[in-house]
$ cat final-v7.csv   # CSV, C-alpha atoms
chain,number,residue,atom,x,y,z
A,14,MET,CA,-37.6,-20.9,-21.6
A,15,LYS,CA,-34.4,-18.9,-21.0
A,16,GLU,CA,-31.9,-20.5,-18.6
A,17,LYS,CA,-30.7,-18.4,-15.7
A,18,ALA,CA,-27.0,-17.8,-16.0
A,19,ALA,CA,-24.9,-19.4,-13.2
A,20,GLU,CA,-23.7,-16.9,-10.7
A,21,GLY,CA,-20.1,-16.1,-11.0
A,22,PRO,CA,-17.6,-16.2,-8.1
A,23,ARG,CA,-18.3,-13.8,-5.2
A,24,THR,CA,-16.5,-10.5,-5.8
A,25,ARG,CA,-18.8,-8.2,-3.9
A,26,VAL,CA,-19.8,-8.0,-0.3
A,27,ARG,CA,-23.5,-8.9,0.2
A,28,ARG,CA,-24.9,-6.2,2.5
A,29,PRO,CA,-28.2,-6.7,4.3
A,30,GLN,CA,-31.3,-5.0,2.8
A,31,ARG,CA,-32.6,-3.2,5.9
A,32,ALA,CA,-30.9,0.1,6.6
A,33,ASP,CA,-30.3,-0.6,10.3
A,34,ALA,CA,-28.8,-4.0,9.5
A,35,ARG,CA,-26.7,-2.5,6.8
A,36,ARG,CA,-25.3,0.1,9.2
A,37,ASN,CA,-24.4,-2.7,11.7
A,38,PHE,CA,-22.8,-4.7,8.9
A,39,ASP,CA,-20.7,-1.7,7.7
A,40,ALA,CA,-19.7,-0.8,11.2
A,41,LEU,CA,-18.5,-4.4,11.7
A,42,LEU,CA,-16.5,-4.3,8.5
A,43,ALA,CA,-14.8,-1.0,9.6
A,44,ALA,CA,-14.1,-2.3,13.1
A,45,ALA,CA,-12.7,-5.5,11.7
A,46,ARG,CA,-10.5,-3.6,9.3
A,47,GLU,CA,-9.1,-1.6,12.2
A,48,ALA,CA,-8.7,-4.5,14.5
A,49,PHE,CA,-7.0,-6.7,11.9
A,50,ALA,CA,-4.6,-3.8,11.1
A,51,GLU,CA,-3.7,-3.6,14.8
A,52,HIS,CA,-3.7,-7.2,15.8
A,53,GLY,CA,-3.6,-9.3,12.6
A,54,THR,CA,-5.8,-12.3,12.1
A,55,ALA,CA,-5.8,-13.1,15.8
A,56,ALA,CA,-7.9,-10.0,16.6
A,57,SER,CA,-10.7,-10.7,19.1
A,58,LEU,CA,-14.2,-11.0,17.6
A,59,GLU,CA,-15.5,-9.6,20.8
A,60,ASP,CA,-13.3,-6.6,20.4
A,61,ILE,CA,-14.5,-6.1,16.8
A,62,ALA,CA,-18.2,-6.3,18.0
A,63,ARG,CA,-17.5,-3.8,20.8
A,64,ARG,CA,-15.7,-1.4,18.4
A,65,ALA,CA,-18.7,-1.6,16.0
A,66,GLY,CA,-21.1,-0.9,18.9
A,67,VAL,CA,-23.0,-4.1,18.5
A,68,GLY,CA,-23.3,-7.4,20.3
A,69,ILE,CA,-21.4,-10.5,19.5
A,70,GLY,CA,-24.6,-12.1,18.3
A,71,THR,CA,-24.9,-9.4,15.6
A,72,LEU,CA,-21.4,-10.2,14.5
A,73,TYR,CA,-22.1,-13.9,14.2
A,74,ARG,CA,-25.4,-13.3,12.5
A,75,ASN,CA,-23.6,-11.3,9.8
A,76,PHE,CA,-20.4,-13.4,9.7
A,77,PRO,CA,-21.0,-17.0,11.0
A,78,THR,CA,-17.3,-17.8,10.8
A,79,ARG,CA,-14.1,-15.9,11.2
A,80,GLN,CA,-13.3,-16.8,7.6
A,81,ASP,CA,-16.5,-15.1,6.5
A,82,LEU,CA,-15.3,-12.0,8.2
A,83,PHE,CA,-11.9,-12.1,6.6
A,84,ASP,CA,-13.4,-12.7,3.2
A,85,SER,CA,-15.9,-9.9,3.6
A,86,VAL,CA,-13.3,-7.4,4.7
A,87,TYR,CA,-11.2,-8.3,1.7
A,88,LEU,CA,-14.1,-8.1,-0.7
A,89,ASP,CA,-15.1,-4.8,0.7
A,90,GLU,CA,-11.6,-3.4,0.1
A,91,ILE,CA,-11.8,-4.7,-3.5
A,92,ASP,CA,-15.3,-3.0,-3.9
A,93,GLU,CA,-13.9,0.3,-2.6
A,94,LEU,CA,-10.9,0.1,-4.8
A,95,CYS,CA,-13.1,-0.5,-7.9
A,96,ARG,CA,-15.4,2.3,-6.9
A,97,ALA,CA,-12.4,4.6,-6.5
A,98,ALA,CA,-11.4,4.1,-10.1
A,99,GLY,CA,-14.8,5.5,-11.2
A,100,GLN,CA,-14.5,8.4,-8.8
A,101,VAL,CA,-11.1,9.6,-10.2
A,102,ALA,CA,-11.7,8.8,-13.8
A,103,ASP,CA,-12.6,12.4,-14.8
A,104,LEU,CA,-9.3,13.7,-13.4
A,105,PRO,CA,-6.4,14.4,-15.7
A,106,PRO,CA,-4.7,11.1,-16.6
A,107,TRP,CA,-1.7,11.2,-14.2
A,108,GLU,CA,-3.7,12.6,-11.3
A,109,ALA,CA,-6.3,9.9,-11.8
A,110,LEU,CA,-3.7,7.1,-11.8
A,111,ALA,CA,-1.8,8.6,-8.8
A,112,ALA,CA,-5.1,9.0,-6.8
A,113,TRP,CA,-6.1,5.4,-7.5
A,114,LEU,CA,-2.7,4.1,-6.5
A,115,ARG,CA,-3.0,6.0,-3.2
A,116,ARG,CA,-6.2,4.1,-2.6
A,117,PHE,CA,-4.4,0.9,-3.6
A,118,VAL,CA,-2.0,1.5,-0.7
A,119,ASP,CA,-4.9,1.3,1.7
A,120,TYR,CA,-6.1,-1.9,0.1
A,121,ALA,CA,-2.6,-3.4,0.3
A,122,ALA,CA,-2.4,-2.6,4.0
A,123,THR,CA,-5.7,-4.4,4.7
A,124,LYS,CA,-4.7,-7.3,2.6
A,125,ARG,CA,-1.4,-7.6,4.4
A,126,ALA,CA,-3.1,-7.7,7.8
A,127,ILE,CA,-5.3,-10.7,6.8
A,128,TYR,CA,-3.1,-12.3,4.1
A,129,GLU,CA,-2.5,-15.5,6.1
A,130,ALA,CA,-6.2,-16.1,6.4
A,131,LEU,CA,-7.0,-15.7,2.7
A,132,ASN,CA,-7.2,-18.7,0.4
A,133,ARG,CA,-5.0,-17.2,-2.3
A,134,ASP,CA,-5.9,-20.0,-4.8
A,135,SER,CA,-9.6,-19.5,-4.4
A,136,GLU,CA,-11.9,-18.3,-7.2
A,137,MET,CA,-12.8,-15.3,-5.0
A,138,MET,CA,-9.2,-14.2,-5.0
A,139,ARG,CA,-8.8,-14.7,-8.8
A,140,SER,CA,-12.0,-12.8,-9.5
A,141,SER,CA,-11.0,-10.1,-7.1
A,142,ARG,CA,-7.7,-9.6,-8.8
A,143,THR,CA,-9.5,-9.5,-12.2
A,144,ALA,CA,-11.9,-6.9,-10.9
A,145,MET,CA,-9.0,-4.8,-9.5
A,146,TYR,CA,-7.1,-4.9,-12.8
A,147,GLU,CA,-10.2,-4.1,-14.8
A,148,ALA,CA,-10.7,-1.0,-12.5
A,149,GLY,CA,-7.2,0.3,-12.4
A,150,GLU,CA,-5.6,-0.7,-15.7
A,151,PRO,CA,-7.7,1.7,-17.8
A,152,LEU,CA,-6.4,4.6,-15.6
A,153,PHE,CA,-2.8,3.4,-16.2
A,154,ASP,CA,-3.4,3.0,-20.0
A,155,ARG,CA,-4.9,6.5,-20.2
A,156,ALA,CA,-1.9,8.0,-18.4
A,157,ARG,CA,0.5,6.1,-20.7
A,158,GLU,CA,-1.4,7.3,-23.8
A,159,ALA,CA,-1.1,10.8,-22.5
A,160,GLY,CA,2.7,10.3,-22.3
A,161,GLU,CA,2.7,10.4,-18.5
A,162,VAL,CA,4.0,6.9,-17.8
A,163,ARG,CA,7.3,5.5,-18.9
A,164,GLY,CA,7.0,3.2,-21.8
A,165,ASP,CA,9.0,0.3,-20.2
A,166,VAL,CA,6.6,-0.1,-17.2
A,167,THR,CA,3.5,-2.3,-17.0
A,168,PHE,CA,0.5,-1.9,-14.7
A,169,ASP,CA,1.5,-5.1,-13.0
A,170,ASP,CA,5.0,-3.7,-12.4
A,171,VAL,CA,3.5,-0.7,-10.7
A,172,LEU,CA,1.2,-2.6,-8.4
A,173,ARG,CA,4.0,-5.0,-7.3
A,174,MET,CA,6.3,-2.0,-6.6
A,175,ILE,CA,3.7,-0.2,-4.6
A,176,SER,CA,2.8,-3.4,-2.7
A,177,GLY,CA,6.5,-4.0,-1.9
A,178,ILE,CA,7.4,-0.6,-0.7
A,179,THR,CA,4.3,-0.1,1.4
A,180,GLY,CA,4.8,-3.5,3.0
A,181,GLY,CA,7.4,-1.9,5.3
A,182,GLY,CA,6.7,0.0,8.4
A,183,PHE,CA,6.7,3.8,8.3
A,184,VAL,CA,7.2,6.3,11.1
A,185,ASP,CA,4.0,8.1,10.1
A,186,ASP,CA,1.6,8.8,7.2
A,187,ASP,CA,3.8,11.6,6.0
A,188,GLN,CA,6.8,9.3,5.6
A,189,ARG,CA,4.6,6.8,3.8
A,190,GLU,CA,3.4,9.5,1.4
A,191,ARG,CA,6.9,10.7,0.7
A,192,VAL,CA,8.1,7.2,-0.1
A,193,LEU,CA,5.1,6.6,-2.3
A,194,ALA,CA,5.7,9.9,-4.1
A,195,MET,CA,9.3,8.9,-4.8
A,196,ALA,CA,8.1,5.6,-6.3
A,197,LEU,CA,5.5,7.3,-8.5
A,198,ASP,CA,8.2,9.7,-9.7
A,199,GLY,CA,10.1,6.6,-11.0
A,200,VAL,CA,7.0,5.6,-13.0
A,201,ARG,CA,6.4,9.0,-14.5
A,202,SER,CA,7.9,9.7,-17.9
A,203,ARG,CA,10.2,12.7,-18.2
A,204,PRO,CA,10.1,15.1,-21.1
A,205,ALA,CA,13.0,14.7,-23.6
$ encode --input "final-v7.csv" --output "structure tokens"
Amino acid sequence: MKEKAAEGPRTRVRRPQRADARRNFDALLAAAREAFAEHGTAASLEDIARRAGVGIGTLYRNFPTRQDLFDSVYLDEIDELCRAAGQVADLPPWEALAAWLRRFVDYAATKRAIYEALNRDSEMMRSSRTAMYEAGEPLFDRAREAGEVRGDVTFDDVLRMISGITGGGFVDDDQRERVLAMALDGVRSRPA
């Protein structure tokens, strides 16, 4: 008899099966992401439920603890970041990498909003980081092989740089995009 493989660490959000329950779940995640961005980890759960258009009981049915909500919001961001890599993979190498890094900026903003609530030493965080690197690094490698990325730069260097510069406040989205463009210009190789 074949043994069932042990389930690995949780790296995906577990959405309900029923369509109506899944809509409520997704609305709660979107509302939580917004509320955490505005108010940090102290955001009111009642406000999150109200923003999602559901009752507080629905929130607690989906996320029995505040930590469950933090973890699910984070995992949903990782899921979206990984999906984004597949969505841009057919673009030319530099365009694919730049598009994925722009999505990484959104992920970094959400992570920053709930950072204090995440157990950074957990298996979930380690698995999430691995999933993120497995999604984005092939885009980086492809851009490097095409001669689009400087030879002295690593994927980890780029993620840390983007995380650092997007950690500051910006006047508006246009300014954030200009600063990101300047950073990406520093990553791109120049013809000799």
$ residues_around --input "final-v7.csv" --residues "A:Asp169" --least-positions-apart "3" --cutoff "12 Å" --atoms "all atoms listed in the file" --output "list in words"
Arg142, Thr143, Met145, Tyr146, Glu147, Gly149, Glu150, Phe153, Asp154, Asp165, Val166, Leu172, Arg173, Met174, Ile175 and Ser176 of chain A
$ atom_distance --input "final-v7.csv" --atom1 "atom CA of A:Asn75" --atom2 "atom CA of A:Glu90"
17.3 Å
$ atom_distance --input "final-v7.csv" --atom1 "atom CA of A:Val192" --atom2 "atom CA of A:Arg125"
18.2 Å
$ residues_around --input "final-v7.csv" --residues "stretch 43-52 of chain A" --least-positions-apart "6" --cutoff "12 Å" --atoms "all atoms listed in the file" --output "ChimeraX atom specification"
/A:36-37,58-67,72,76,79,81-90,119-130
$ closest_residue --input "final-v7.csv" --among "A:Arg163, A:Arg96, A:Arg31, A:Arg74" --to "A:Asp198" --atoms "all atoms listed in the file"
A:Arg163
$ atom_distance --input "final-v7.csv" --atom1 "atom CA of A:Cys95" --atom2 "atom CA of A:Ala144"
7.2 Å
$ closest_residue --input "final-v7.csv" --among "A:Thr167, A:Ser140, A:Thr179, A:Thr71" --to "A:Arg115" --atoms "only C-alpha atoms"
A:Thr179
$ residues_near_point --input "final-v7.csv" --point "(-4.9, 4.7, -9.5)" --cutoff "8 Å" --atoms "all atoms listed in the file" --output "PyMOL selection string"
chain A and resi 98+101+109-117+149+152-153
$ decode --input "final-v7.csv" --residues "stretch 27-52 of chain A" --atoms "N, CA, C and O atoms" --output "PDB file, in the first residue's frame"
ATOM      1  N   ARG A  27      -6.390  28.629   1.623  1.00  0.00           N
ATOM      2  CA  ARG A  27      -7.413  27.598   1.413  1.00  0.00           C
ATOM      3  C   ARG A  27      -8.780  28.268   1.320  1.00  0.00           C
ATOM      4  O   ARG A  27      -9.356  28.667   2.316  1.00  0.00           O
ATOM      5  N   ARG A  28      -9.259  28.401   0.090  1.00  0.00           N
ATOM      6  CA  ARG A  28     -10.539  29.053  -0.156  1.00  0.00           C
ATOM      7  C   ARG A  28     -11.677  28.049  -0.010  1.00  0.00           C
ATOM      8  O   ARG A  28     -11.513  26.878  -0.326  1.00  0.00           O
ATOM      9  N   PRO A  29     -12.838  28.531   0.427  1.00  0.00           N
ATOM     10  CA  PRO A  29     -14.009  27.644   0.527  1.00  0.00           C
ATOM     11  C   PRO A  29     -14.406  27.103  -0.851  1.00  0.00           C
ATOM     12  O   PRO A  29     -14.089  27.702  -1.886  1.00  0.00           O
ATOM     13  N   GLN A  30     -15.116  25.994  -0.868  1.00  0.00           N
ATOM     14  CA  GLN A  30     -15.536  25.348  -2.111  1.00  0.00           C
ATOM     15  C   GLN A  30     -16.744  26.040  -2.752  1.00  0.00           C
ATOM     16  O   GLN A  30     -16.783  26.215  -3.957  1.00  0.00           O
ATOM     17  N   ARG A  31     -17.734  26.395  -1.927  1.00  0.00           N
ATOM     18  CA  ARG A  31     -18.955  27.001  -2.470  1.00  0.00           C
ATOM     19  C   ARG A  31     -18.652  28.378  -3.034  1.00  0.00           C
ATOM     20  O   ARG A  31     -17.917  29.164  -2.438  1.00  0.00           O
ATOM     21  N   ALA A  32     -19.265  28.714  -4.158  1.00  0.00           N
ATOM     22  CA  ALA A  32     -18.996  29.987  -4.835  1.00  0.00           C
ATOM     23  C   ALA A  32     -19.337  31.185  -3.952  1.00  0.00           C
ATOM     24  O   ALA A  32     -18.568  32.146  -3.884  1.00  0.00           O
ATOM     25  N   ASP A  33     -20.473  31.151  -3.263  1.00  0.00           N
ATOM     26  CA  ASP A  33     -20.858  32.298  -2.429  1.00  0.00           C
ATOM     27  C   ASP A  33     -19.903  32.448  -1.244  1.00  0.00           C
ATOM     28  O   ASP A  33     -19.510  33.565  -0.892  1.00  0.00           O
ATOM     29  N   ALA A  34     -19.504  31.349  -0.664  1.00  0.00           N
ATOM     30  CA  ALA A  34     -18.556  31.395   0.460  1.00  0.00           C
ATOM     31  C   ALA A  34     -17.190  31.886  -0.017  1.00  0.00           C
ATOM     32  O   ALA A  34     -16.509  32.642   0.681  1.00  0.00           O
ATOM     33  N   ARG A  35     -16.794  31.475  -1.216  1.00  0.00           N
ATOM     34  CA  ARG A  35     -15.519  31.904  -1.787  1.00  0.00           C
ATOM     35  C   ARG A  35     -15.539  33.413  -2.066  1.00  0.00           C
ATOM     36  O   ARG A  35     -14.559  34.111  -1.817  1.00  0.00           O
ATOM     37  N   ARG A  36     -16.671  33.932  -2.556  1.00  0.00           N
ATOM     38  CA  ARG A  36     -16.789  35.379  -2.790  1.00  0.00           C
ATOM     39  C   ARG A  36     -16.625  36.143  -1.478  1.00  0.00           C
ATOM     40  O   ARG A  36     -15.934  37.163  -1.423  1.00  0.00           O
ATOM     41  N   ASN A  37     -17.298  35.662  -0.414  1.00  0.00           N
ATOM     42  CA  ASN A  37     -17.172  36.310   0.900  1.00  0.00           C
ATOM     43  C   ASN A  37     -15.733  36.260   1.401  1.00  0.00           C
ATOM     44  O   ASN A  37     -15.206  37.241   1.921  1.00  0.00           O
ATOM     45  N   PHE A  38     -15.098  35.119   1.248  1.00  0.00           N
ATOM     46  CA  PHE A  38     -13.716  34.926   1.676  1.00  0.00           C
ATOM     47  C   PHE A  38     -12.798  35.913   0.951  1.00  0.00           C
ATOM     48  O   PHE A  38     -11.988  36.611   1.571  1.00  0.00           O
ATOM     49  N   ASP A  39     -12.950  35.979  -0.373  1.00  0.00           N
ATOM     50  CA  ASP A  39     -12.114  36.882  -1.162  1.00  0.00           C
ATOM     51  C   ASP A  39     -12.388  38.347  -0.826  1.00  0.00           C
ATOM     52  O   ASP A  39     -11.465  39.166  -0.785  1.00  0.00           O
ATOM     53  N   ALA A  40     -13.664  38.681  -0.575  1.00  0.00           N
ATOM     54  CA  ALA A  40     -14.007  40.054  -0.178  1.00  0.00           C
ATOM     55  C   ALA A  40     -13.370  40.395   1.163  1.00  0.00           C
ATOM     56  O   ALA A  40     -12.894  41.526   1.367  1.00  0.00           O
ATOM     57  N   LEU A  41     -13.354  39.441   2.073  1.00  0.00           N
ATOM     58  CA  LEU A  41     -12.717  39.668   3.373  1.00  0.00           C
ATOM     59  C   LEU A  41     -11.213  39.880   3.232  1.00  0.00           C
ATOM     60  O   LEU A  41     -10.644  40.760   3.881  1.00  0.00           O
ATOM     61  N   LEU A  42     -10.567  39.092   2.385  1.00  0.00           N
ATOM     62  CA  LEU A  42      -9.128  39.273   2.169  1.00  0.00           C
ATOM     63  C   LEU A  42      -8.829  40.649   1.582  1.00  0.00           C
ATOM     64  O   LEU A  42      -7.904  41.334   2.025  1.00  0.00           O
ATOM     65  N   ALA A  43      -9.614  41.062   0.581  1.00  0.00           N
ATOM     66  CA  ALA A  43      -9.399  42.373  -0.038  1.00  0.00           C
ATOM     67  C   ALA A  43      -9.641  43.492   0.972  1.00  0.00           C
ATOM     68  O   ALA A  43      -8.859  44.449   1.050  1.00  0.00           O
ATOM     69  N   ALA A  44     -10.685  43.370   1.755  1.00  0.00           N
ATOM     70  CA  ALA A  44     -10.999  44.391   2.760  1.00  0.00           C
ATOM     71  C   ALA A  44      -9.911  44.433   3.836  1.00  0.00           C
ATOM     72  O   ALA A  44      -9.519  45.513   4.290  1.00  0.00           O
ATOM     73  N   ALA A  45      -9.423  43.271   4.241  1.00  0.00           N
ATOM     74  CA  ALA A  45      -8.365  43.218   5.260  1.00  0.00           C
ATOM     75  C   ALA A  45      -7.088  43.856   4.727  1.00  0.00           C
ATOM     76  O   ALA A  45      -6.418  44.614   5.440  1.00  0.00           O
ATOM     77  N   ARG A  46      -6.751  43.568   3.487  1.00  0.00           N
ATOM     78  CA  ARG A  46      -5.552  44.149   2.878  1.00  0.00           C
ATOM     79  C   ARG A  46      -5.640  45.678   2.914  1.00  0.00           C
ATOM     80  O   ARG A  46      -4.691  46.355   3.306  1.00  0.00           O
ATOM     81  N   GLU A  47      -6.790  46.224   2.546  1.00  0.00           N
ATOM     82  CA  GLU A  47      -6.986  47.681   2.559  1.00  0.00           C
ATOM     83  C   GLU A  47      -6.914  48.236   3.984  1.00  0.00           C
ATOM     84  O   GLU A  47      -6.250  49.247   4.228  1.00  0.00           O
ATOM     85  N   ALA A  48      -7.625  47.588   4.893  1.00  0.00           N
ATOM     86  CA  ALA A  48      -7.665  48.073   6.278  1.00  0.00           C
ATOM     87  C   ALA A  48      -6.286  48.011   6.926  1.00  0.00           C
ATOM     88  O   ALA A  48      -5.886  48.937   7.641  1.00  0.00           O
ATOM     89  N   PHE A  49      -5.541  46.940   6.678  1.00  0.00           N
ATOM     90  CA  PHE A  49      -4.199  46.829   7.242  1.00  0.00           C
ATOM     91  C   PHE A  49      -3.276  47.888   6.642  1.00  0.00           C
ATOM     92  O   PHE A  49      -2.423  48.436   7.339  1.00  0.00           O
ATOM     93  N   ALA A  50      -3.440  48.185   5.356  1.00  0.00           N
ATOM     94  CA  ALA A  50      -2.621  49.224   4.724  1.00  0.00           C
ATOM     95  C   ALA A  50      -2.891  50.587   5.360  1.00  0.00           C
ATOM     96  O   ALA A  50      -1.975  51.392   5.525  1.00  0.00           O
ATOM     97  N   GLU A  51      -4.139  50.838   5.731  1.00  0.00           N
ATOM     98  CA  GLU A  51      -4.509  52.123   6.321  1.00  0.00           C
ATOM     99  C   GLU A  51      -4.201  52.207   7.811  1.00  0.00           C
ATOM    100  O   GLU A  51      -3.784  53.258   8.297  1.00  0.00           O
ATOM    101  N   HIS A  52      -4.445  51.107   8.554  1.00  0.00           N
ATOM    102  CA  HIS A  52      -4.390  51.165  10.017  1.00  0.00           C
ATOM    103  C   HIS A  52      -3.386  50.203  10.649  1.00  0.00           C
ATOM    104  O   HIS A  52      -3.309  50.110  11.873  1.00  0.00           O
TER     105      HIS A  52
END
